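Visitor: Data file model_4.csv (CSV, C-alpha atoms and all ligand atoms) is appended below.
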chain,number,residue,atom,x,y,z
A,1,MET,CA,-28.6,-2.4,4.8
A,2,THR,CA,-27.9,1.0,3.2
A,3,VAL,CA,-29.8,3.7,4.9
A,4,GLN,CA,-28.1,6.9,3.8
A,5,SER,CA,-28.6,10.6,4.0
A,6,PHE,CA,-28.7,12.7,0.9
A,7,GLU,CA,-27.9,16.4,0.9
A,8,GLY,CA,-28.6,16.6,4.6
A,9,LYS,CA,-31.9,14.7,4.6
A,10,SER,CA,-32.0,11.4,6.4
A,11,PRO,CA,-34.6,8.7,6.2
A,12,GLU,CA,-36.9,8.5,9.2
A,13,ILE,CA,-37.6,4.9,10.1
A,14,GLY,CA,-40.5,4.0,12.5
A,15,ASP,CA,-40.3,1.6,15.4
A,16,GLY,CA,-40.4,-2.1,14.5
A,17,THR,CA,-39.7,-1.5,10.8
A,18,TYR,CA,-37.3,-4.0,9.2
A,19,ILE,CA,-35.1,-3.2,6.3
A,20,HIS,CA,-33.2,-6.1,4.7
A,21,PRO,CA,-29.4,-5.8,4.5
A,22,SER,CA,-29.5,-5.7,0.7
A,23,ALA,CA,-32.3,-3.0,0.5
A,24,ASP,CA,-31.4,0.7,0.0
A,25,VAL,CA,-33.2,3.7,1.5
A,26,PHE,CA,-31.9,7.1,0.6
A,27,GLY,CA,-32.6,10.7,1.6
A,28,ASN,CA,-36.0,12.3,2.1
A,29,VAL,CA,-37.9,9.1,3.1
A,30,VAL,CA,-40.4,8.6,5.9
A,31,LEU,CA,-41.2,5.0,6.7
A,32,GLY,CA,-43.8,4.2,9.4
A,33,GLU,CA,-43.9,1.5,12.0
A,34,GLN,CA,-43.7,-2.3,11.6
A,35,CYS,CA,-43.1,-2.1,7.8
A,36,TRP,CA,-41.1,-4.9,6.1
A,37,VAL,CA,-38.7,-3.8,3.3
A,38,GLY,CA,-37.4,-6.9,1.5
A,39,PRO,CA,-34.2,-7.9,-0.2
A,40,GLY,CA,-33.1,-5.6,-3.1
A,41,ALA,CA,-35.8,-3.0,-2.6
A,42,ARG,CA,-34.9,0.6,-3.4
A,43,ILE,CA,-36.6,3.6,-1.8
A,44,ARG,CA,-34.9,6.7,-3.3
A,45,GLY,CA,-35.7,10.1,-1.9
A,46,ASP,CA,-33.1,12.3,-3.6
A,47,TYR,CA,-34.9,15.0,-5.6
A,48,GLY,CA,-38.4,14.0,-4.4
A,49,ARG,CA,-39.9,12.8,-1.2
A,50,ILE,CA,-41.3,9.3,-0.3
A,51,GLU,CA,-43.8,8.9,2.5
A,52,ILE,CA,-44.8,5.4,3.5
A,53,GLY,CA,-47.3,4.6,6.4
A,54,SER,CA,-47.2,1.9,8.9
A,55,ARG,CA,-47.5,-1.9,8.5
A,56,THR,CA,-46.8,-1.7,4.8
A,57,SER,CA,-44.7,-4.3,3.0
A,58,VAL,CA,-42.3,-3.4,0.3
A,59,GLU,CA,-41.4,-6.7,-1.1
A,60,ASP,CA,-38.2,-7.9,-2.8
A,61,ASN,CA,-36.8,-5.7,-5.6
A,62,CYS,CA,-39.5,-3.0,-5.5
A,63,VAL,CA,-38.4,0.5,-6.7
A,64,ILE,CA,-40.0,3.6,-5.3
A,65,HIS,CA,-39.1,7.1,-6.5
A,66,ALA,CA,-40.6,10.6,-7.0
A,67,ARG,CA,-40.3,13.4,-9.5
A,68,PRO,CA,-38.3,16.5,-8.6
A,69,ASP,CA,-39.9,18.3,-5.6
A,70,GLU,CA,-42.9,16.0,-5.6
A,71,VAL,CA,-44.0,13.2,-3.3
A,72,THR,CA,-44.8,9.6,-3.6
A,73,ARG,CA,-47.4,8.7,-0.9
A,74,ILE,CA,-48.0,5.1,0.2
A,75,GLY,CA,-50.5,4.5,3.0
A,76,ASP,CA,-50.8,2.0,5.9
A,77,TRP,CA,-51.2,-1.7,5.4
A,78,VAL,CA,-50.3,-1.5,1.7
A,79,THR,CA,-48.8,-4.5,0.0
A,80,LEU,CA,-46.2,-3.8,-2.8
A,81,GLY,CA,-45.7,-7.2,-4.4
A,82,HIS,CA,-42.3,-8.5,-5.6
A,83,ALA,CA,-40.6,-6.2,-8.0
A,84,CYS,CA,-43.3,-3.6,-8.5
A,85,ILE,CA,-42.4,0.0,-9.3
A,86,VAL,CA,-44.2,3.0,-7.8
A,87,HIS,CA,-43.2,6.3,-9.4
A,88,ASN,CA,-44.6,9.6,-8.1
A,89,ALA,CA,-48.0,8.1,-7.3
A,90,THR,CA,-50.4,7.8,-4.4
A,91,ILE,CA,-51.3,4.4,-3.0
A,92,GLU,CA,-54.0,4.5,-0.4
A,93,ASP,CA,-54.4,2.3,2.7
A,94,TRP,CA,-54.8,-1.4,2.3
A,95,ALA,CA,-54.2,-1.4,-1.5
A,96,ILE,CA,-52.4,-4.3,-3.1
A,97,LEU,CA,-50.0,-4.0,-6.0
A,98,GLY,CA,-49.4,-7.3,-7.7
A,99,MET,CA,-46.0,-8.7,-8.5
A,100,GLY,CA,-44.2,-6.8,-11.3
A,101,SER,CA,-46.8,-4.1,-11.6
A,102,ILE,CA,-46.0,-0.5,-12.4
A,103,VAL,CA,-47.8,2.6,-11.1
A,104,SER,CA,-46.8,5.7,-12.9
A,105,ASP,CA,-46.8,9.5,-12.2
A,106,TRP,CA,-49.8,11.0,-10.5
A,107,ALA,CA,-51.8,7.8,-10.6
A,108,VAL,CA,-54.0,7.1,-7.5
A,109,ILE,CA,-54.7,3.6,-6.3
A,110,GLY,CA,-57.7,3.7,-3.9
A,111,GLU,CA,-58.2,2.0,-0.6
A,112,TRP,CA,-58.4,-1.8,-0.9
A,113,ALA,CA,-57.9,-1.5,-4.7
A,114,VAL,CA,-55.9,-4.2,-6.4
A,115,VAL,CA,-53.4,-3.8,-9.3
A,116,ALA,CA,-53.0,-7.3,-10.9
A,117,GLU,CA,-49.7,-8.9,-11.6
A,118,GLY,CA,-47.8,-7.2,-14.4
A,119,ALA,CA,-50.3,-4.4,-14.9
A,120,VAL,CA,-49.2,-0.9,-15.9
A,121,VAL,CA,-51.3,1.9,-14.4
A,122,ARG,CA,-50.6,4.9,-16.6
A,123,GLN,CA,-50.0,8.4,-15.6
A,124,LYS,CA,-52.9,10.2,-13.8
A,125,MET,CA,-55.1,7.1,-13.9
A,126,GLU,CA,-57.3,6.6,-10.8
A,127,ILE,CA,-58.3,3.1,-9.6
A,128,PRO,CA,-61.3,3.5,-7.3
A,129,SER,CA,-61.5,1.9,-3.9
A,130,ARG,CA,-62.1,-1.8,-3.9
A,131,ARG,CA,-61.7,-2.1,-7.7
A,132,ILE,CA,-59.3,-4.3,-9.6
A,133,ALA,CA,-57.1,-3.1,-12.5
A,134,VAL,CA,-55.5,-5.5,-14.9
A,135,GLY,CA,-53.4,-5.5,-18.0
A,136,VAL,CA,-51.2,-3.2,-20.0
A,137,PRO,CA,-52.3,-0.5,-20.0
A,138,ALA,CA,-54.4,-1.2,-17.0
A,139,ARG,CA,-58.2,-1.3,-17.2
A,140,VAL,CA,-60.7,-1.7,-14.3
A,141,ILE,CA,-62.6,-4.9,-14.5
A,142,GLU,CA,-66.2,-5.4,-13.4
A,143,LYS,CA,-65.4,-7.9,-10.6
A,144,PRO,CA,-65.0,-5.9,-7.4
A,145,VAL,CA,-62.8,-6.7,-4.4
A,146,ASP,CA,-65.2,-8.8,-2.2
A,147,ASP,CA,-65.3,-9.4,1.5
A,148,GLY,CA,-63.7,-12.8,1.1
A,149,TYR,CA,-60.7,-11.2,-0.6
A,150,VAL,CA,-60.4,-8.6,2.1
A,151,ALA,CA,-60.5,-11.2,4.8
A,152,ASP,CA,-57.8,-13.3,3.1
A,153,TRP,CA,-55.6,-10.3,2.4
A,154,THR,CA,-56.0,-8.9,5.9
A,155,ARG,CA,-54.5,-12.2,7.1
A,156,PHE,CA,-51.6,-12.1,4.5
A,157,LYS,CA,-50.8,-8.5,5.4
A,158,GLY,CA,-50.6,-9.6,9.1
A,159,ILE,CA,-48.1,-12.2,8.2
A,160,TYR,CA,-45.8,-9.5,6.7
A,161,VAL,CA,-46.1,-7.4,9.9
A,162,GLY,CA,-45.1,-10.6,11.7
A,163,LEU,CA,-42.2,-11.0,9.3
A,164,ALA,CA,-40.8,-7.6,10.2
A,165,LYS,CA,-40.3,-9.0,13.8
A,166,ARG,CA,-39.2,-12.4,12.7
A,167,TYR,CA,-36.5,-11.1,10.4
A,168,ARG,CA,-35.1,-8.8,13.1
A,169,GLU,CA,-34.7,-11.8,15.3
A,170,GLY,CA,-34.0,-14.5,12.8
A,171,LEU,CA,-31.4,-13.1,10.4
A,172,ARG,CA,-28.1,-13.4,12.3
B,201,LIG,C1,-55.7,-9.6,-9.7
B,201,LIG,C2,-56.5,-10.6,-8.9
B,201,LIG,C3,-57.3,-9.8,-7.9
B,201,LIG,C4,-57.4,-11.3,-9.8
B,201,LIG,O1,-58.3,-12.1,-9.0
B,201,LIG,P1,-59.0,-13.4,-9.6
B,201,LIG,O2,-60.1,-13.7,-8.6
B,201,LIG,O3,-58.0,-14.4,-9.8
B,201,LIG,O4,-59.7,-12.9,-10.9
B,201,LIG,P2,-60.1,-13.7,-12.1
B,201,LIG,O5,-59.3,-14.9,-12.4
B,201,LIG,O6,-61.6,-14.0,-12.0
B,201,LIG,O7,-59.9,-12.7,-13.3
B,201,LIG,C5,-60.7,-11.6,-13.5
B,201,LIG,C6,-60.3,-11.0,-14.8
B,201,LIG,O8,-59.1,-10.4,-14.7
B,201,LIG,C7,-58.1,-10.9,-15.6
B,201,LIG,N1,-56.8,-11.0,-14.9
B,201,LIG,C8,-56.6,-11.5,-13.6
B,201,LIG,N2,-55.3,-11.4,-13.4
B,201,LIG,C9,-54.7,-10.8,-14.4
B,201,LIG,C10,-53.4,-10.4,-14.7
B,201,LIG,N3,-52.4,-10.5,-13.9
B,201,LIG,N4,-53.2,-9.8,-15.9
B,201,LIG,C11,-54.2,-9.6,-16.8
B,201,LIG,N5,-55.4,-10.0,-16.6
B,201,LIG,C12,-55.7,-10.6,-15.4
B,201,LIG,C13,-58.7,-12.3,-15.9
B,201,LIG,O9,-58.2,-12.7,-17.2
B,201,LIG,C14,-60.2,-12.0,-15.9
B,201,LIG,O10,-60.5,-11.3,-17.1
B,201,LIG,P3,-61.9,-11.6,-17.8
B,201,LIG,O11,-63.0,-11.2,-16.8
B,201,LIG,O12,-61.9,-10.7,-19.0
B,201,LIG,O13,-62.0,-13.0,-18.1
B,201,LIG,C15,-55.6,-11.6,-8.2
B,201,LIG,O14,-55.0,-12.4,-9.1
B,201,LIG,C16,-54.5,-11.0,-7.3
B,201,LIG,O15,-54.8,-10.7,-6.1
B,201,LIG,N6,-53.3,-10.7,-7.8
B,201,LIG,C17,-52.3,-10.1,-7.0
B,201,LIG,C18,-51.4,-11.2,-6.5
B,201,LIG,C19,-50.0,-10.7,-6.1
B,201,LIG,O16,-49.3,-10.3,-6.9
B,201,LIG,N7,-49.8,-10.6,-4.8
B,201,LIG,C20,-48.6,-10.0,-4.3
B,201,LIG,C21,-47.5,-11.0,-4.0
B,201,LIG,S1,-47.1,-11.3,-2.4
Take the structure in the file and write it out as structure tokens.
Guide:
Amino acid sequence: MTVQSFEGKSPEIGDGTYIHPSADVFGNVVLGEQCWVGPGARIRGDYGRIEIGSRTSVEDNCVIHARPDEVTRIGDWVTLGHACIVHNATIEDWAILGMGSIVSDWAVIGEWAVVAEGAVVRQKMEIPSRRIAVGVPARVIEKPVDDGYVADWTRFKGIYVGLAKRYREGLR
């Protein structure tokens, strides 16, 4: 695992958070408790700051960065699917970013909103709470996030919190 300071700023890592040996976390980064950061993920706080809440999963090969002197904020219980990119955006609690999606500068993804696989959320776009955005560029579809989806994903998110503990004990 590469967790490195940059110009005197060191990542703050909360209790129970797991960072895979091939993931990189640099500089001005705050990661909450019981997060899971998967293989190949990069969280780069060099000229900007990255704040991530607790029990959030940053899956394999995700890239998180911020613009100079700005902040990327990611809440609690967020799921960043495999290989997604979050750049200078705000992701609120419980949101789900599908595999390979991109969320660009100043975009806001609301609580329990979902960005579909491969979607590109353009700069400054706001996805309201419990809505689903699909496509390139992303558009919000009529179908909302229903209670069944919330129940299923609450369980999946719990599995990732469990993985943070299992990886700490199981990767030897
Ligand atoms: C996005 C998501 C909520 C769609 O849910 P769903 O119940 O399968 O939705 P539907 O199949 O009814 O699709 C609804 C509409 O969105 C479109 N859509 C769904 N996924 C899409 C995608 N990835 N790209 C483009 N359009 C998509 C469908 O074509 C459909 O469009 P239409 O209404 O014009 O026909 C669901 O696929 C999802 O949760 N994706 C994220 C999965 C993921 O990456 N998880 C992280 C990995 S651990």
Visitor: Looking at only C-alpha atoms, which of A:Ala66, A:Arg168, A:Glu111, A:Thr72 is the one that sits closest to A:Val150?
Guide: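 Among A:Ala66, A:Arg168, A:Glu111, A:Thr72, it is A:Glu111 that comes nearest to A:Val150.
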Visitor: Do you know which residues are within 8 Å of ligand LIG 201 (chain B) using only C-alpha atoms and all ligand atoms? Can you write them as a ChimeraX atom specification?
Guide: /A:59,79-82,96-100,114-119,132-136,141-143,145
Visitor: Have a look at A:Lys157, A:Lys124, A:Arg139, A:Arg42 and name the one nearest to A:Ala95; count only C-alpha atoms.
Guide: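 Among A:Lys157, A:Lys124, A:Arg139, A:Arg42, it is A:Lys157 that comes nearest to A:Ala95.
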Visitor: I'd like the neighbourhood of A:Arg67 as JSON, numbers by chain, where a residue qualifies if any of its atoms comes within 8 Å (using all atoms listed in the file), though same-chain residues fewer than 2 positions away should be ignored.
Guide: {"A": [47, 48, 65, 69, 70, 71, 87, 88]}
Visitor: Counting all atoms listed in the file, which residue out of A:Ile52, A:Val103, A:Val37, A:Ile43 sits closest to A:Gln4?
Guide: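 Nearest candidate to A:Gln4 out of A:Ile52, A:Val103, A:Val37, A:Ile43: A:Ile43.
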